[in-house]
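Worksheet: one structure, shown below.
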Amino acid sequence: MSLAVKLAKSYCVLRSCAGGDTMKAFFHHLRFAPLVVIVWVILEEELSVRTVIVGAVVGMLTLAVVDRYVLRGDYERRYAIGPVRAARYAAALFVQIYVAGFQALHRLVTRRVNVDIVDITTELEDDFRISLLANSITLTPGTVTLERRGERLRIIWLDCVSRDPEVAGPMIKGGFERMLGGGGR
């Protein structure tokens, strides 16, 4: 029996669906296999046939478990951002992490640090997008999201130039909020 057949059977048992639904879900998750394999190879730090196969198997089983027990819904529509917007956002986040990293390093070395906690608001209304914004702020060196309450984010900021949310908000959020579909307050 081939590896693909074994994987499909394991997947079907895990999904415990009947007939077409299982195969439809399998082929739906198969779209994500290249991405999952790439992540697995990066985490394993080894490119071999074994690593690719194990990454595919573990990835597909993980997708099945998450789909069945964690997400339980039409998450593709609910959390839809679109591939172009997601790619732009990822590229902008990557650039901002490096730029802010050098800025934070310079501030630390020159001892020009002004740490304070600032409350900012977002115009985003969707929980998923607000969480993306909060995580992006945390990933950016010099800022950490401490708390989220509705549309309000509490941020610890390494270079606090103002505690006024109208001034601090755009400086901390940068273009992230706009790219996620909000304004810029």
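Following the order of the structure tokens, first chain is A, next is B, and so on, with residues numbered from 1 inside each chain and ligands from 1 in the order they appear.
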
Compile the contact shell of Ser136 in chain A as JSON, numbers by chain: residues with an atom at most 8 Å away, counting only C-alpha atoms, same-chain residues fewer than 3 positions apart removed. {"A": [93, 132, 133, 139, 140, 176]}

With C-alpha atoms retained, export the selected residues as a PDB file, in the first residue's frame.
ATOM      1  CA  LEU A  93       5.603  43.176   9.072  1.00  0.00           C
ATOM      2  CA  LEU A 132      -3.365  40.186  14.272  1.00  0.00           C
ATOM      3  CA  LEU A 133      -2.712  43.866  14.989  1.00  0.00           C
ATOM      4  CA  LEU A 139       6.474  41.159  17.256  1.00  0.00           C
ATOM      5  CA  THR A 140       7.842  44.612  16.492  1.00  0.00           C
ATOM      6  CA  PHE A 176      -0.739  47.707  10.016  1.00  0.00           C
TER       7      PHE A 176
END

If we count only C-alpha atoms and set the cut-off at 7 Å, which residues sit around range 116-118 of chain A, ignoring sequence neighbours fewer than 4 positions away in its own chain? Please answer as number ranges by chain. A: 154-158, 160, 163

Rounded to one decimal, what separation in Å do you get between CA of Arg129 in chain A and CA of Gly150 in chain A?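 CA of Gly150 in chain A lies 11.8 Å from CA of Arg129 in chain A.
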
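Listed by chain and then by rising number, the residues of range 23-150 of chain A that DSSP assigns to strand (DSSP E or B) from the backbone are Asn114, Asp116, Ile117, Val118, Asp119, Ile120, Thr121, Thr143, Val144, Thr145, Leu146, Glu147, Arg148 and Arg149 of chain A.
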
Work out how far apart CA of Ile97 in chain A and CA of Val167 in chain A are and give it in Å to one decimal.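 These two atoms are separated by 20.9 Å.
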
Go through A:Val65, A:Ala56, A:Ala168, A:Ile42 and flag the residue nearest Thr121 in chain A, using only C-alpha atoms for the distances.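 Comparing A:Val65, A:Ala56, A:Ala168, A:Ile42 against Thr121 in chain A, the winner is A:Ala168.
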
Quick one: pull the distance between CA of Ala33 in chain A and CA of Phe94 in chain A, Å, one decimal.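 Those two atoms sit 23.4 Å apart.
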
Do a neighbour search on Pro141 in chain A at 12 Å with only C-alpha atoms, toss out local chain neighbours closer than 4 positions, and write the hits as a PyMOL selection string. chain A and resi 93-108+135-137+145+156-159+172
